[in-house]
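Step one of this worksheet: look at the structure below.
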Amino acid sequence: MILFKSPYFPVFFMIIFSLLFWQKSTAQNNDKRLMNASRTTAPPKIDGELNDEAWATAEAATGFVQYQPYNGKAASLPTEVKIVYDDYAFYVGALLYDPQPDSIYTELSVRDEINIADYFGVYFDPFNDFITAYGFIVTAAGVQVDLKSVEGSGEDESWNAVWKSEIKITDTGWVAELEIPHSALRFPKTGREQVWGLQFFRQIMRYRETDTWNFIDRNADGLNNQAGRLTGIHDLDPPLRLSVVPYLSGYVEKNPELDHWSAFSNYGLDLKYGISESFTLDMTLVPDFGQVQSDDIIYNLSPFEVYYDEKRPFFMEGTELFDRGNVFYSRRIGATPSGYDATEDSLLPNEIIIDNPLSSQLINATKISGKTKKGLGIGLFNAMTSNTFAEIQDTLTGASRKVTTEPFSNYNMIVIDRSLRNNSFVSAYNTNVYKPENEYSANVSGTEFKITDKKNTYSVFGIGSVSQHYDKGEKPGFGHKYLLSAGKISGRFIYELEHSAASDTYDPNEMGYLSKNNEFENLLYLAYNQYEPHGKLLEWTNELEISWDFLYHPRKFTWFSIDYDTRATNKNHLTVWFNSELKPVNSYDYYEPRVWGYYYTAPPSLSMMAGYSPDYRKKFLIDLRAGYFYSGHYREEKYSFNISPRFRAGDKLMIIHRFDYSYNRDDMGYVTDTTGNDGAQAIIFGRRNLELFTNTLTAEYKFTPRSALSLRIRHYWITGKYLEFYDLLTDGYLKSNQYRQGDDFSYNAFNIDLFYQWNFAPGSEINLVWKNSIHHLDETPVFPDGFSSKADIPANFIDNFRNTINTPSANSFSVKILYYLDYMYLKKLHKKPSES
């Protein structure tokens with residue numbers, strides 16, 4: 001086992017593996033189909049009927065092929081698509097033939113979601129650079145989905161545009177008709193004929209079949225680089241892209257700590273301006289994010305910060321450039337003030353907290369992003385948060401004072417990205433956070449690149465970053481991180497060799513997210529995927545990861561692990577999966593003790609999880625999964641179970657319940673640390689049983705494609721009962737002690753989010769929201785003779801739930817109105833008859 005603990009073993013293994021498996025590419029160039037768009041002087045009426053004169057002479061795209069399940073086979077049903085355009089918009093008409101129109105799936109969903117429904121979509125790549133495509137999808141129920149597809153980053157469905165669509169089900173299938181304004185796209189200004197990337201998608205849900213116009217090889221890397229070409233675009237100048245979305249909102253809220261209701265209102269606007277044909281400015285002024293879905297709060301027993309997904313629309317849309325280097329975590333902006341918890345500690349006798357905001361107030365945020373026709377991408381981001389204060393009152397005199405919990409802060413990021421041949425790129429980036437009141441600044445600078453061969457078979461990827469911190473009166477702090485990987489990215493068999501390191505002083509967390517630094521990691525990734533149906537299987541994927549990890553400084557071994565994952569789908573569309581992680585030798589955890597220099601020796605362990613998911617076309621189905629973990633020496637075990645029934649009532653109502661349960665028996669973890677009079681450090685660990693229940697209920701009722709009511713209820717309950725306590729020894733092992741303290745706990749988080757949305761006009765909406773939240777922590781009281789009482793820990797689930805819902809809760813009722821105003825649409829609307 002000494003070989004596994006050598007930092008040089010991974011390098012040696014990578015060299016041998018590359019010599020054995022590096023092979024000549026077998027990938028084939030994907031032929032690019034061509035389609036010609038026709039210019040029209042009489043744009044079609046968007047009504048779901050392709051009987052306008054403009055469609056009569058337009059070229060039709062046909063000959064669709066399957067993406068799945070039978071990759072490359074001819075589509076089961078024929079499809080014809082036509083494209084025409086004028087000086088205002090592109091118009092797409094699709095005839096989706098189906099001999100059984102009563103079998104077309106037409107389930108409604110909220111905007112930007114596709115449930116169980118047939119759909120048609122068109123993807124435009126105006127710069128024909130294989131990197132960025134704009135997707136416009138409409139379901140057979142008339143629901144719109146728009147997205148930005150960025151090669152290497154996936155599909156961003158938070159990207160929104162304003163466009164028109166209509167569908168109609170006929171005796172021969174169904175028809176989709178789309179009007180996509182030029183202002184919804186970014187395209188170059190050129191006097192020559194333009195050639196765009198183009199792809200069409202169609203889903204036939206009853207066959208679980210997805211078809212494309214230009215063949216996409218599932219064994220090849222990438223989607224946008226496998227698109228066809230759209231020709232015939234000429235005399236087309238980018239329009240003035242200018243739109244504003246003013247909003248007005250009103251709230252009635254109750255704070256459980258203050259036990260009174262308050263009312264207030266907000267107003268502001270979002271602005272979008274096309275600086276040029278390539279670059280767009282997005283700005284939000286005095287934003288209001290009070291209606292976003294509640295976070296799934298957990299009780300954190302780990303030494304690491306919990307990562308929460310971004311849910312605020314402005315920070316989700318059009319941010320793919322800012323993902324470079326993994327140094328931008330938008331939840332830092334407007335986060336909980338750094339001095340929030342210290343407010344209670346600053347109270348003087350007879351003082352109480354009147355107000356202590358949970359988030360910093362965002363003043364404004366601005367993005368400038370885009371890419372030139374030569375492939376130069378530029379992204380600029382800036383946001384400012386105002387001074388945040390807690391208000392404290394003296395209960396005797398009535399006098400109040402304010403305490404600063406977060407000073408004014410400015411957040412900035414710049415990215416320069418250059419597209420290269422063969423779907424490659426190189427970029428540079430910098431983030432900066434400045435707090436003038438504290439004379440504090442922090443920034444991260446770095447580069448990210450990807451180099452791919454001509455046949456899109458092999459690739460090299462790398463990241464390098466340097467962090468810097470400047471604080472008044474303190475010595476500047478510097479740190480670095482790098483990652484380098486190389487491998488085969490296309491074909492049935494793919495592999496990747498990766499090495500990364502983060503110094504013990506690397507810290508990007510003023511604007512980014514890094515759970516831990518001081519790492520020196522090596523990874524071998526192998527995968528074998530079979531996407532061609534074979535026997536009873538439609539597809540089968542297998543992945544194997546082997547990793548060797550060390551501290552960066554000092555260079556000490558931390559763990560060696562082997563991870564395996566397999567997933568298979570049969571011809572009845574039943575998916576089964578299994579994954580496991582084996583750590584065959586002791587691991588050395590330098591983070592769990594919370595005190596630098598100490599480590600916990602974790603025995604070898606094995607974890608496994610398996611599950612299955614039925615065909616989602618069924619009205620009622622149940623997803624299941626179960627897991628098991630075992631670690632020797634301390635005999636730690638974990639059992640987990642998940643069941644998720646879902647019920648679809650017609651095309652309008654969907655109900656999903658998810659129940660998660662886990663039980664950790666004899667879990668070993670940090671409790672506290674103390675320093676004796678002699679300066680000696682004592683770190684206390686505990687052996688505990690952890691039990692977790694999570695119930696999540698979601699229900700959606702769609703009145704129309706533009707109006708829906710959604711409900712989400714989540715109850716999270718975790719209990720911890722300590723059985724024995726230990727001292728952490730210098731060799732990482734544990735020794736029983738006589739520690740006597742009350743550390744049992746029971747934590748509940750209960751949230752209700754009820755949301756009604758009505759898109760009453762293109763880009764305009766009215767939202768009505770009710771949010772209810774309860775967070776309650778019970779801890780065993782401390783007694784002079786130890787803790788024998790468990791009275792504060794509920795005995796069972798029913799008692800706990802009853803106690804939880806009887807706990808004072810926070811309530812918020814709100815209404816928000818947004819109205820979309822677009823310059824080009826208004827110009828067209830007010831055009832004089834003589835100019836038509």
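Naming works like this for the structure tokens: A, B, ... for the chains as they're shown, residue 1 at the start of each chain, ligands 1 onward in shown order.
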
*asked:* Using only C-alpha atoms, which protein or nucleic acid residues come within 6 Å of Phe425 (chain A)? Drop anything in the same chain fewer than 3 positions from it, and give the result as a ChimeraX atom specification.
replied: /A:418-420,449-450

I need the residues from that last selection saved to file as an mmCIF file, in the first residue's frame (with all heavy atoms), if you can.
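So out-v4.cif came out as:
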```
data_model
loop_
_atom_site.group_PDB
_atom_site.id
_atom_site.type_symbol
_atom_site.label_atom_id
_atom_site.label_comp_id
_atom_site.auth_asym_id
_atom_site.auth_seq_id
_atom_site.Cartn_x
_atom_site.Cartn_y
_atom_site.Cartn_z
ATOM 1 N N ARG A 418 -11.197 33.687 -26.073
ATOM 2 C CA ARG A 418 -10.920 33.594 -27.507
ATOM 3 C C ARG A 418 -11.245 32.200 -28.017
ATOM 4 O O ARG A 418 -10.695 31.196 -27.548
ATOM 5 C CB ARG A 418 -9.440 33.888 -27.759
ATOM 6 C CG ARG A 418 -9.022 33.746 -29.216
ATOM 7 C CD ARG A 418 -9.590 34.872 -30.072
ATOM 8 N NE ARG A 418 -9.186 34.755 -31.472
ATOM 9 C CZ ARG A 418 -9.491 35.634 -32.420
ATOM 10 N NH1 ARG A 418 -10.186 36.703 -32.097
ATOM 11 N NH2 ARG A 418 -9.104 35.461 -33.650
ATOM 12 N N SER A 419 -12.184 32.113 -28.967
ATOM 13 C CA SER A 419 -12.512 30.835 -29.590
ATOM 14 C C SER A 419 -11.433 30.473 -30.603
ATOM 15 O O SER A 419 -10.975 31.324 -31.377
ATOM 16 C CB SER A 419 -13.865 30.910 -30.296
ATOM 17 O OG SER A 419 -14.896 31.153 -29.370
ATOM 18 N N LEU A 420 -11.027 29.206 -30.584
ATOM 19 C CA LEU A 420 -10.024 28.703 -31.507
ATOM 20 C C LEU A 420 -10.639 27.618 -32.393
ATOM 21 O O LEU A 420 -11.798 27.247 -32.207
ATOM 22 C CB LEU A 420 -8.835 28.140 -30.719
ATOM 23 C CG LEU A 420 -8.193 29.088 -29.689
ATOM 24 C CD1 LEU A 420 -7.125 28.353 -28.895
ATOM 25 C CD2 LEU A 420 -7.604 30.309 -30.379
ATOM 26 N N PHE A 449 -8.227 27.050 -20.496
ATOM 27 C CA PHE A 449 -8.086 26.749 -21.920
ATOM 28 C C PHE A 449 -8.528 25.322 -22.207
ATOM 29 O O PHE A 449 -8.562 24.466 -21.324
ATOM 30 C CB PHE A 449 -6.642 26.944 -22.381
ATOM 31 C CG PHE A 449 -5.665 25.965 -21.772
ATOM 32 C CD1 PHE A 449 -5.413 24.725 -22.353
ATOM 33 C CD2 PHE A 449 -4.989 26.278 -20.599
ATOM 34 C CE1 PHE A 449 -4.535 23.825 -21.792
ATOM 35 C CE2 PHE A 449 -4.099 25.375 -20.025
ATOM 36 C CZ PHE A 449 -3.875 24.147 -20.623
ATOM 37 N N LYS A 450 -8.871 25.090 -23.469
ATOM 38 C CA LYS A 450 -9.192 23.759 -23.968
ATOM 39 C C LYS A 450 -8.687 23.663 -25.399
ATOM 40 O O LYS A 450 -8.985 24.522 -26.229
ATOM 41 C CB LYS A 450 -10.708 23.509 -23.936
ATOM 42 C CG LYS A 450 -11.122 22.150 -24.486
ATOM 43 C CD LYS A 450 -12.636 21.999 -24.513
ATOM 44 C CE LYS A 450 -13.057 20.661 -25.115
ATOM 45 N NZ LYS A 450 -14.533 20.533 -25.207
#
```

*Skip region 153-160 of chain A itself and residues of its chain fewer than 4 positions away, then list as a VMD selection string all residues within 6 Å of it, counting only C-alpha atoms.*
chain A and resid 146 to 149 316 to 317

Would you mind exporting the chosen residues as a PDB file, in the first residue's frame, restricted to N, CA, C and O atoms?
```pdb
ATOM      1  N   ASP A 146     -37.189  28.499 -24.059  1.00  0.00           N
ATOM      2  CA  ASP A 146     -36.054  29.084 -24.756  1.00  0.00           C
ATOM      3  C   ASP A 146     -34.803  28.880 -23.916  1.00  0.00           C
ATOM      4  O   ASP A 146     -34.856  28.826 -22.691  1.00  0.00           O
ATOM      5  N   LEU A 147     -33.690  28.734 -24.581  1.00  0.00           N
ATOM      6  CA  LEU A 147     -32.457  28.403 -23.880  1.00  0.00           C
ATOM      7  C   LEU A 147     -31.252  28.833 -24.696  1.00  0.00           C
ATOM      8  O   LEU A 147     -31.344  29.121 -25.895  1.00  0.00           O
ATOM      9  N   LYS A 148     -30.126  28.874 -24.008  1.00  0.00           N
ATOM     10  CA  LYS A 148     -28.847  29.125 -24.667  1.00  0.00           C
ATOM     11  C   LYS A 148     -27.992  27.878 -24.476  1.00  0.00           C
ATOM     12  O   LYS A 148     -27.734  27.455 -23.352  1.00  0.00           O
ATOM     13  N   SER A 149     -27.587  27.285 -25.584  1.00  0.00           N
ATOM     14  CA  SER A 149     -26.754  26.083 -25.553  1.00  0.00           C
ATOM     15  C   SER A 149     -25.304  26.499 -25.752  1.00  0.00           C
ATOM     16  O   SER A 149     -24.939  27.027 -26.805  1.00  0.00           O
ATOM     17  N   MET A 316     -28.706  34.150 -13.101  1.00  0.00           N
ATOM     18  CA  MET A 316     -28.718  32.843 -13.760  1.00  0.00           C
ATOM     19  C   MET A 316     -28.606  32.968 -15.274  1.00  0.00           C
ATOM     20  O   MET A 316     -28.087  32.069 -15.938  1.00  0.00           O
ATOM     21  N   GLU A 317     -29.082  34.073 -15.822  1.00  0.00           N
ATOM     22  CA  GLU A 317     -29.175  34.214 -17.269  1.00  0.00           C
ATOM     23  C   GLU A 317     -27.905  34.816 -17.860  1.00  0.00           C
ATOM     24  O   GLU A 317     -27.383  35.814 -17.369  1.00  0.00           O
TER      25      GLU A 317
END
```

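With CA of Gln66 (chain A) on one side and CA of Phe215 (chain A) on the other, the separation reads 7.6 Å.
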
*Residue set, region 499-648 of chain A restricted to strand (DSSP E), as a PyMOL selection string*: chain A and resi 499-502+519-530+537-550+557-570+575-583+587-589+600-602+605-613+620-631+636-648

*Write out as a list in words each polymer residue whose atoms come within 12 Å of His573 (chain A), counting only C-alpha atoms; drop sequence neighbours fewer than 6 positions from it.*
Gln68, Pro69, Met205, Arg206, Tyr207, Arg208, Glu209, Pro533, Lys536, Leu537, Leu538, Glu539, Tyr612, Ser613, Pro614, Asp615, Tyr616, Arg617 and Lys618 of chain A

*Quick one: residues within 8 Å of Thr566 (chain A), only C-alpha atoms counted, chain neighbours fewer than 2 positions away excluded, as a count of residues only?*
9

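Nearest residue to Gln291 (chain A) among A:Ser183, A:Ser467, A:Ser814, A:Asn422 is A:Ser814, counting only C-alpha atoms.
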
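If only C-alpha atoms are the atoms counted, then among A:Ala184, A:Ile116, A:Ala390, A:Leu582 the closest residue to Tyr823 (chain A) is A:Ala184.
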
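Taking CA of Glu519 (chain A) and CA of Leu551 (chain A) as the two end points, the separation is 4.7 Å.
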
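Residues with any atom within 10 Å of Ala610 (chain A), counting only C-alpha atoms and excluding same-chain neighbours fewer than 6 positions away, are A:Asp565, A:Thr566, A:Arg567, A:Val576, A:Trp577, A:Phe578, A:Asn579, A:Ser580, A:Leu624, A:Arg625, A:Ala626, A:Gly627, A:Tyr628, A:Phe641.
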
For the selection just defined, write its residues with all heavy atoms to a file, as a short mmCIF file (atom, residue, chain, number, x, y, z; two decimals), in the first residue's frame.
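Output contents, as saved in result14.cif:
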```
data_model
loop_
_atom_site.label_atom_id
_atom_site.label_comp_id
_atom_site.auth_asym_id
_atom_site.auth_seq_id
_atom_site.Cartn_x
_atom_site.Cartn_y
_atom_site.Cartn_z
N ASP A 565 -19.65 3.57 -11.49
CA ASP A 565 -21.06 3.91 -11.73
C ASP A 565 -21.51 3.24 -13.03
O ASP A 565 -20.81 3.31 -14.04
CB ASP A 565 -21.22 5.43 -11.85
CG ASP A 565 -22.67 5.83 -12.07
OD1 ASP A 565 -23.12 5.88 -13.24
OD2 ASP A 565 -23.36 6.11 -11.08
N THR A 566 -22.66 2.57 -12.97
CA THR A 566 -23.23 1.96 -14.17
C THR A 566 -24.72 2.29 -14.24
O THR A 566 -25.39 2.38 -13.21
CB THR A 566 -23.00 0.44 -14.18
OG1 THR A 566 -23.50 -0.10 -15.42
CG2 THR A 566 -23.70 -0.25 -13.02
N ARG A 567 -25.21 2.45 -15.46
CA ARG A 567 -26.62 2.82 -15.68
C ARG A 567 -27.10 2.18 -16.97
O ARG A 567 -26.40 2.22 -17.98
CB ARG A 567 -26.75 4.35 -15.75
CG ARG A 567 -28.16 4.89 -15.93
CD ARG A 567 -28.13 6.40 -15.94
NE ARG A 567 -27.61 6.92 -14.69
CZ ARG A 567 -28.37 7.33 -13.67
NH1 ARG A 567 -29.69 7.26 -13.76
NH2 ARG A 567 -27.81 7.80 -12.58
N VAL A 576 -32.19 1.40 -14.57
CA VAL A 576 -31.62 0.93 -13.31
C VAL A 576 -30.18 1.42 -13.22
O VAL A 576 -29.50 1.56 -14.25
CB VAL A 576 -31.67 -0.61 -13.18
CG1 VAL A 576 -33.10 -1.09 -13.11
CG2 VAL A 576 -30.95 -1.27 -14.35
N TRP A 577 -29.72 1.70 -12.01
CA TRP A 577 -28.36 2.22 -11.86
C TRP A 577 -27.76 1.74 -10.54
O TRP A 577 -28.47 1.36 -9.61
CB TRP A 577 -28.35 3.75 -11.93
CG TRP A 577 -29.28 4.44 -10.96
CD1 TRP A 577 -30.57 4.81 -11.19
CD2 TRP A 577 -28.98 4.83 -9.62
NE1 TRP A 577 -31.10 5.41 -10.07
CE2 TRP A 577 -30.14 5.43 -9.09
CE3 TRP A 577 -27.86 4.73 -8.82
CZ2 TRP A 577 -30.21 5.93 -7.80
CZ3 TRP A 577 -27.91 5.23 -7.52
CH2 TRP A 577 -29.08 5.83 -7.04
N PHE A 578 -26.44 1.76 -10.52
CA PHE A 578 -25.70 1.34 -9.34
C PHE A 578 -24.39 2.12 -9.29
O PHE A 578 -23.74 2.33 -10.32
CB PHE A 578 -25.38 -0.16 -9.40
CG PHE A 578 -24.43 -0.63 -8.33
CD1 PHE A 578 -24.88 -0.89 -7.05
CD2 PHE A 578 -23.07 -0.78 -8.60
CE1 PHE A 578 -23.99 -1.31 -6.05
CE2 PHE A 578 -22.19 -1.20 -7.63
CZ PHE A 578 -22.64 -1.46 -6.34
N ASN A 579 -24.03 2.62 -8.10
CA ASN A 579 -22.71 3.23 -7.95
C ASN A 579 -22.11 2.84 -6.61
O ASN A 579 -22.84 2.46 -5.67
CB ASN A 579 -22.76 4.76 -8.11
CG ASN A 579 -23.66 5.44 -7.10
OD1 ASN A 579 -23.52 5.23 -5.89
ND2 ASN A 579 -24.60 6.26 -7.57
N SER A 580 -20.80 2.89 -6.55
CA SER A 580 -20.10 2.50 -5.33
C SER A 580 -18.82 3.29 -5.20
O SER A 580 -18.27 3.80 -6.19
CB SER A 580 -19.78 0.99 -5.37
OG SER A 580 -18.88 0.71 -6.42
N LEU A 624 -37.34 4.66 -7.00
CA LEU A 624 -36.79 4.09 -5.77
C LEU A 624 -35.27 4.13 -5.81
O LEU A 624 -34.66 4.00 -6.87
CB LEU A 624 -37.23 2.63 -5.59
CG LEU A 624 -38.69 2.36 -5.21
CD1 LEU A 624 -38.94 0.86 -5.25
CD2 LEU A 624 -39.00 2.90 -3.83
N ARG A 625 -34.68 4.29 -4.64
CA ARG A 625 -33.25 4.10 -4.50
C ARG A 625 -32.92 3.74 -3.06
O ARG A 625 -33.67 4.09 -2.13
CB ARG A 625 -32.45 5.34 -4.93
CG ARG A 625 -32.53 6.50 -3.96
CD ARG A 625 -31.64 7.64 -4.42
NE ARG A 625 -31.64 8.72 -3.46
CZ ARG A 625 -31.01 9.89 -3.61
NH1 ARG A 625 -30.34 10.10 -4.72
NH2 ARG A 625 -31.05 10.82 -2.69
N ALA A 626 -31.80 3.03 -2.86
CA ALA A 626 -31.37 2.65 -1.52
C ALA A 626 -29.86 2.62 -1.48
O ALA A 626 -29.20 2.35 -2.49
CB ALA A 626 -31.94 1.28 -1.14
N GLY A 627 -29.29 2.93 -0.30
CA GLY A 627 -27.85 2.98 -0.17
C GLY A 627 -27.37 2.39 1.14
O GLY A 627 -28.13 2.28 2.12
N TYR A 628 -26.08 2.02 1.16
CA TYR A 628 -25.47 1.45 2.36
C TYR A 628 -24.02 1.89 2.43
O TYR A 628 -23.30 1.94 1.41
CB TYR A 628 -25.55 -0.07 2.34
CG TYR A 628 -24.85 -0.74 3.51
CD1 TYR A 628 -25.42 -0.71 4.79
CD2 TYR A 628 -23.63 -1.38 3.34
CE1 TYR A 628 -24.79 -1.31 5.87
CE2 TYR A 628 -22.99 -1.99 4.41
CZ TYR A 628 -23.57 -1.94 5.68
OH TYR A 628 -22.94 -2.53 6.74
N PHE A 641 -32.61 5.54 2.15
CA PHE A 641 -33.73 5.05 1.33
C PHE A 641 -34.48 6.24 0.77
O PHE A 641 -34.65 7.27 1.45
CB PHE A 641 -34.65 4.19 2.19
CG PHE A 641 -35.86 3.67 1.46
CD1 PHE A 641 -35.75 2.59 0.59
CD2 PHE A 641 -37.10 4.25 1.64
CE1 PHE A 641 -36.86 2.10 -0.08
CE2 PHE A 641 -38.22 3.77 0.97
CZ PHE A 641 -38.09 2.69 0.11
#
```

_Residue nearest Tyr495 (chain A) among A:Asp394, A:Glu253, A:Asp778, A:Glu545 (counting only C-alpha atoms)_ = A:Glu545
